[in-house]
Structures are given as structure tokens and as C-alpha cells.
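A.B. asks: My questions will all concern the structure given below.
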Amino acid sequence: MEKKLNIELPKGITGLSKPNIESPLILPKTLDNLLLKFKEKNYLKTIVIPPSASRNYYTLKIIHRHKLKKYIILINSIYSYYCRVEKDEWMNLHFKELNEKITSIFGSSFQYLPPKTLNSKFDTKDLINLSKEELNAIKYWKSKTIGQIIFNGYD
């Protein structure tokens with residue numbers, strides 16, 4: 001686990017309480033536009049798995065047409081944070097770096113979180129905006145890192 005970074009998590013990041021924003025930033029139209037960009041950049045296949053009762057993020061599985069390289073990308077369902085993982089395994093995510101070619105496709109509508117940030121430990125200052133329900137879930141599931149909170153399998 002990486003050393004502590006300062007990141008103040010916004011209310012609703014876990015998907016368990018209403019965020020302090022008008023509406024979720026990740027709308028179907030936003031995802032459709034993103035998928036169109038991947039298609040334009042020669043990505044053969046893009047599969048979207050929506051959030052569920054036990055996952056607060058979208059999973060994008062993307063395969064490049066020519067290189068046949070596979071990427072698994074997670075996007076928080078409330079805020080526009082995204083990352084790459086090795087495998088999408090419930091409550092057992094291994095974060096990986098994402099190259100600039102992919103991050104440039106996401107553009108400024110999304111914010112990339114690198115493994116260094118996601119693997120960093122959190123402290124109580126990072127959680128001051130979260131609801132009681134979110135704090136209880138973090139404690140119950142024994143989350144230890146920023147990534148385990150932002151991309152979680154709480155139910």
C-alpha cells in the first residue's frame with residue numbers, strides 16, 4: 001500500500017448516499033459519446049457493464065482492433081473518476097497504469113486516478129464529506145485505501 005495522499009472524497013462517492021450535486025455526472029449520453037470516441041480510434045469491441053446493487057461503478061472492457069490489447073476500465077457511477085484494473089473482481093481490484101492514448105480519449109469530462117492515488121491509505125480528513133451510511137460501510141467492509149472506497153462492492 002502506498003503512503004498517504006491528501007484527497008478529500010465527495011459525499012456520495014460510494015454510491016450509498018445522495019451526492020451534493022444536482023445529478024450524477026455519469027449519464028448514459030456521456031457514456032455513449034465516450035464509446036463512440038473509442039470506436040473512432042479503432043477499438044474493436046467495447047462492452048459496458050453497468051453498476052449494480054453490489055458495485056458502484058461501470059466496467060468498460062475495450063479491445064484494440066489492430067493490437068488486440070484488452071483494457072478493463074472502471075468509471076465511478078456518480079463522479080467522473082476512472083481507472084484501469086487488471087481484473088474486475090468483486091472487492092479485489094488491482095489497479096494498473098493507463099497509457100496516454102487511452103486517457104486522451106476520455107478528455108476533460110473525466111478524471112483519471114492513477115494506481116498511486118488509488119492504493120494510498122486514507123485518513124479521517126479524507127472522509128469529512130461522507131455521510132454516516134458511507135462511513136459505516138467503509139468500516140464494515142474494512143476498506144483501507146482510496147481506491148477501495150471510490151470503486152467498491154458495498155451492498
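Please note that chains go A, B, ... in the order of the C-alpha cells, that every chain numbers its residues from 1, and that ligands are numbered from 1 in the order shown.
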I need the strand (DSSP E) residues of chain A per DSSP on the backbone, written as a PDB file with N, CA and C atoms, in the first residue's frame.
C.D. replies:
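selection_14.pdb written:
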```pdb
ATOM      1  N   TYR A  43     -10.952   0.929 -31.835  1.00  0.00           N
ATOM      2  CA  TYR A  43     -11.131  -0.094 -30.817  1.00  0.00           C
ATOM      3  C   TYR A  43     -12.252  -1.001 -31.285  1.00  0.00           C
ATOM      4  N   LEU A  44     -11.933  -2.279 -31.390  1.00  0.00           N
ATOM      5  CA  LEU A  44     -12.801  -3.285 -31.986  1.00  0.00           C
ATOM      6  C   LEU A  44     -14.060  -3.527 -31.179  1.00  0.00           C
ATOM      7  N   LYS A  45     -13.884  -3.633 -29.909  1.00  0.00           N
ATOM      8  CA  LYS A  45     -15.005  -4.053 -29.081  1.00  0.00           C
ATOM      9  C   LYS A  45     -15.013  -3.245 -27.795  1.00  0.00           C
ATOM     10  N   THR A  46     -16.163  -2.747 -27.445  1.00  0.00           N
ATOM     11  CA  THR A  46     -16.325  -2.094 -26.146  1.00  0.00           C
ATOM     12  C   THR A  46     -17.574  -2.668 -25.497  1.00  0.00           C
ATOM     13  N   ILE A  47     -17.393  -3.204 -24.332  1.00  0.00           N
ATOM     14  CA  ILE A  47     -18.502  -3.772 -23.566  1.00  0.00           C
ATOM     15  C   ILE A  47     -18.663  -2.912 -22.320  1.00  0.00           C
ATOM     16  N   VAL A  48     -19.897  -2.530 -22.026  1.00  0.00           N
ATOM     17  CA  VAL A  48     -20.173  -1.747 -20.825  1.00  0.00           C
ATOM     18  C   VAL A  48     -21.020  -2.583 -19.880  1.00  0.00           C
ATOM     19  N   ILE A  49     -20.524  -2.730 -18.667  1.00  0.00           N
ATOM     20  CA  ILE A  49     -21.296  -3.409 -17.625  1.00  0.00           C
ATOM     21  C   ILE A  49     -21.714  -2.326 -16.636  1.00  0.00           C
ATOM     22  N   TYR A  57     -19.755   1.211  -9.817  1.00  0.00           N
ATOM     23  CA  TYR A  57     -19.015   1.680 -10.980  1.00  0.00           C
ATOM     24  C   TYR A  57     -19.437   0.938 -12.246  1.00  0.00           C
ATOM     25  N   TYR A  58     -19.182   1.602 -13.372  1.00  0.00           N
ATOM     26  CA  TYR A  58     -19.318   0.978 -14.680  1.00  0.00           C
ATOM     27  C   TYR A  58     -18.008   0.258 -14.976  1.00  0.00           C
ATOM     28  N   THR A  59     -18.095  -0.847 -15.689  1.00  0.00           N
ATOM     29  CA  THR A  59     -16.905  -1.533 -16.180  1.00  0.00           C
ATOM     30  C   THR A  59     -16.916  -1.447 -17.700  1.00  0.00           C
ATOM     31  N   LEU A  60     -15.838  -0.947 -18.263  1.00  0.00           N
ATOM     32  CA  LEU A  60     -15.663  -0.908 -19.713  1.00  0.00           C
ATOM     33  C   LEU A  60     -14.587  -1.913 -20.071  1.00  0.00           C
ATOM     34  N   LYS A  61     -14.910  -2.827 -20.958  1.00  0.00           N
ATOM     35  CA  LYS A  61     -13.926  -3.774 -21.479  1.00  0.00           C
ATOM     36  C   LYS A  61     -13.694  -3.381 -22.929  1.00  0.00           C
ATOM     37  N   ILE A  62     -12.448  -3.049 -23.216  1.00  0.00           N
ATOM     38  CA  ILE A  62     -12.111  -2.483 -24.516  1.00  0.00           C
ATOM     39  C   ILE A  62     -10.992  -3.298 -25.146  1.00  0.00           C
ATOM     40  N   ILE A  63     -11.142  -3.604 -26.434  1.00  0.00           N
ATOM     41  CA  ILE A  63     -10.106  -4.331 -27.165  1.00  0.00           C
ATOM     42  C   ILE A  63      -9.724  -3.508 -28.396  1.00  0.00           C
ATOM     43  N   HIS A  64      -8.422  -3.284 -28.578  1.00  0.00           N
ATOM     44  CA  HIS A  64      -7.925  -2.537 -29.727  1.00  0.00           C
ATOM     45  C   HIS A  64      -7.975  -3.429 -30.969  1.00  0.00           C
ATOM     46  N   LYS A  70      -6.277  -5.801 -24.553  1.00  0.00           N
ATOM     47  CA  LYS A  70      -7.503  -5.647 -23.780  1.00  0.00           C
ATOM     48  C   LYS A  70      -7.263  -4.718 -22.596  1.00  0.00           C
ATOM     49  N   TYR A  71      -8.206  -3.804 -22.387  1.00  0.00           N
ATOM     50  CA  TYR A  71      -8.166  -2.893 -21.250  1.00  0.00           C
ATOM     51  C   TYR A  71      -9.467  -3.051 -20.461  1.00  0.00           C
ATOM     52  N   ILE A  72      -9.349  -3.049 -19.143  1.00  0.00           N
ATOM     53  CA  ILE A  72     -10.532  -3.028 -18.289  1.00  0.00           C
ATOM     54  C   ILE A  72     -10.479  -1.710 -17.525  1.00  0.00           C
ATOM     55  N   ILE A  73     -11.506  -0.905 -17.730  1.00  0.00           N
ATOM     56  CA  ILE A  73     -11.546   0.434 -17.149  1.00  0.00           C
ATOM     57  C   ILE A  73     -12.803   0.556 -16.289  1.00  0.00           C
ATOM     58  N   LEU A  74     -12.630   1.113 -15.107  1.00  0.00           N
ATOM     59  CA  LEU A  74     -13.756   1.345 -14.206  1.00  0.00           C
ATOM     60  C   LEU A  74     -14.052   2.837 -14.173  1.00  0.00           C
ATOM     61  N   ILE A  75     -15.348   3.177 -14.153  1.00  0.00           N
ATOM     62  CA  ILE A  75     -15.778   4.572 -14.030  1.00  0.00           C
ATOM     63  C   ILE A  75     -16.766   4.640 -12.868  1.00  0.00           C
ATOM     64  N   ASN A  76     -16.452   5.467 -11.878  1.00  0.00           N
ATOM     65  CA  ASN A  76     -17.365   5.646 -10.743  1.00  0.00           C
ATOM     66  C   ASN A  76     -18.720   6.099 -11.288  1.00  0.00           C
ATOM     67  N   TYR A  81     -14.636   9.880 -12.038  1.00  0.00           N
ATOM     68  CA  TYR A  81     -13.325   9.289 -11.817  1.00  0.00           C
ATOM     69  C   TYR A  81     -13.234   7.958 -12.551  1.00  0.00           C
ATOM     70  N   TYR A  82     -12.073   7.697 -13.166  1.00  0.00           N
ATOM     71  CA  TYR A  82     -11.887   6.410 -13.830  1.00  0.00           C
ATOM     72  C   TYR A  82     -10.475   5.889 -13.597  1.00  0.00           C
ATOM     73  N   CYS A  83     -10.315   4.592 -13.797  1.00  0.00           N
ATOM     74  CA  CYS A  83      -9.020   3.940 -13.606  1.00  0.00           C
ATOM     75  C   CYS A  83      -8.979   2.674 -14.448  1.00  0.00           C
ATOM     76  N   ARG A  84      -7.812   2.083 -14.494  1.00  0.00           N
ATOM     77  CA  ARG A  84      -7.642   0.790 -15.156  1.00  0.00           C
ATOM     78  C   ARG A  84      -7.374  -0.267 -14.093  1.00  0.00           C
ATOM     79  N   VAL A  85      -7.912  -1.458 -14.310  1.00  0.00           N
ATOM     80  CA  VAL A  85      -7.647  -2.590 -13.414  1.00  0.00           C
ATOM     81  C   VAL A  85      -7.175  -3.785 -14.232  1.00  0.00           C
ATOM     82  N   PHE A  95      -5.177  -2.175  -9.377  1.00  0.00           N
ATOM     83  CA  PHE A  95      -5.110  -1.000 -10.240  1.00  0.00           C
ATOM     84  C   PHE A  95      -3.830  -1.006 -11.069  1.00  0.00           C
ATOM     85  N   LYS A  96      -3.973  -0.579 -12.327  1.00  0.00           N
ATOM     86  CA  LYS A  96      -2.839  -0.528 -13.256  1.00  0.00           C
ATOM     87  C   LYS A  96      -2.778   0.843 -13.910  1.00  0.00           C
ATOM     88  N   GLN A 111     -11.906  12.271 -14.949  1.00  0.00           N
ATOM     89  CA  GLN A 111     -10.647  12.456 -14.231  1.00  0.00           C
ATOM     90  C   GLN A 111     -10.002  11.100 -13.965  1.00  0.00           C
ATOM     91  N   TYR A 112      -8.810  10.926 -14.520  1.00  0.00           N
ATOM     92  CA  TYR A 112      -8.053   9.681 -14.341  1.00  0.00           C
ATOM     93  C   TYR A 112      -7.417   9.654 -12.956  1.00  0.00           C
TER      94      TYR A 112
END
```
A.B. asks: Which residue gives the smallest distance to Asn42 (chain A) among A:Ile78, A:Leu113, A:Ile102, A:Leu93, with only C-alpha atoms counted?
C.D. replies: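 Looking only at the distances to Asn42 (chain A), the closest residue turns out to be A:Ile102.
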A.B. asks: Fewer than 3 positions away in the same chain doesn't count, so skip those; otherwise give me all residues within 9 Å of Ser131 (chain A), counting only C-alpha atoms, as a ChimeraX atom specification.
C.D. replies: /A:11-12,16-18,127-128,134-136
A.B. asks: Would you please give, as a short mmCIF file (atom, residue, chain, number, x, y, z; two decimals) with C-alpha atoms, in the first residue's frame, all residues of region 5-140 of chain A that DSSP assigns to alpha helix (DSSP H) based on the backbone?
C.D. replies:
```
data_model
loop_
_atom_site.label_atom_id
_atom_site.label_comp_id
_atom_site.auth_asym_id
_atom_site.auth_seq_id
_atom_site.Cartn_x
_atom_site.Cartn_y
_atom_site.Cartn_z
CA PRO A 28 -25.95 7.46 -20.48
CA LYS A 29 -25.29 10.14 -23.12
CA THR A 30 -21.82 10.78 -21.65
CA LEU A 31 -21.02 7.06 -21.87
CA ASP A 32 -22.44 6.81 -25.41
CA ASN A 33 -20.19 9.69 -26.52
CA LEU A 34 -17.18 8.02 -24.90
CA LEU A 35 -17.89 4.69 -26.62
CA LEU A 36 -18.21 6.48 -29.97
CA LYS A 37 -14.75 8.01 -29.42
CA PHE A 38 -13.28 4.57 -28.78
CA LYS A 39 -14.89 3.25 -31.97
CA GLU A 40 -13.42 6.17 -33.95
CA GLU A 100 -1.88 8.48 -22.55
CA LYS A 101 -3.55 7.24 -25.75
CA ILE A 102 -6.46 5.95 -23.69
CA THR A 103 -6.62 8.86 -21.22
CA SER A 104 -6.72 11.33 -24.14
CA ILE A 105 -9.89 9.61 -25.44
CA PHE A 106 -11.61 10.30 -22.11
CA PRO A 115 -2.65 3.48 -9.05
CA LYS A 116 -0.51 5.62 -6.74
CA THR A 117 -3.61 7.61 -5.72
CA LEU A 118 -5.94 4.62 -5.54
CA LYS A 132 -22.86 8.31 8.14
CA GLU A 133 -24.06 5.47 5.90
CA GLU A 134 -20.90 5.72 3.79
CA LEU A 135 -18.65 5.80 6.86
CA ASN A 136 -20.41 2.74 8.29
CA ALA A 137 -19.89 0.83 5.02
CA ILE A 138 -16.19 1.75 4.92
CA LYS A 139 -15.81 0.45 8.47
CA TYR A 140 -17.91 -2.69 7.86
#
```
A.B. asks: At what distance in Å, to one decimal, does CA of Glu86 (chain A) lie from CA of Lys121 (chain A)?
C.D. replies: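 Rounded to one decimal, the two atoms are 20.0 Å apart.
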A.B. asks: When you draw a straight line from CA of Pro10 (chain A) to CA of Pro51 (chain A), how long is it in Å?
C.D. replies: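 It comes out at 18.6 Å.
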A.B. asks: If we count only C-alpha atoms, what is near Thr145 (chain A) at a cut-off of 6 Å, once residues fewer than 5 positions away on the same chain are taken out, given as a list of chain:residue names?
C.D. replies: A:Asn119, A:Ser120, A:Lys121, A:Phe122
A.B. asks: Could you please determine the separation between CA of Trp141 (chain A) and CA of Gly153 (chain A) in Å, to one decimal place?
C.D. replies: 9.0 Å
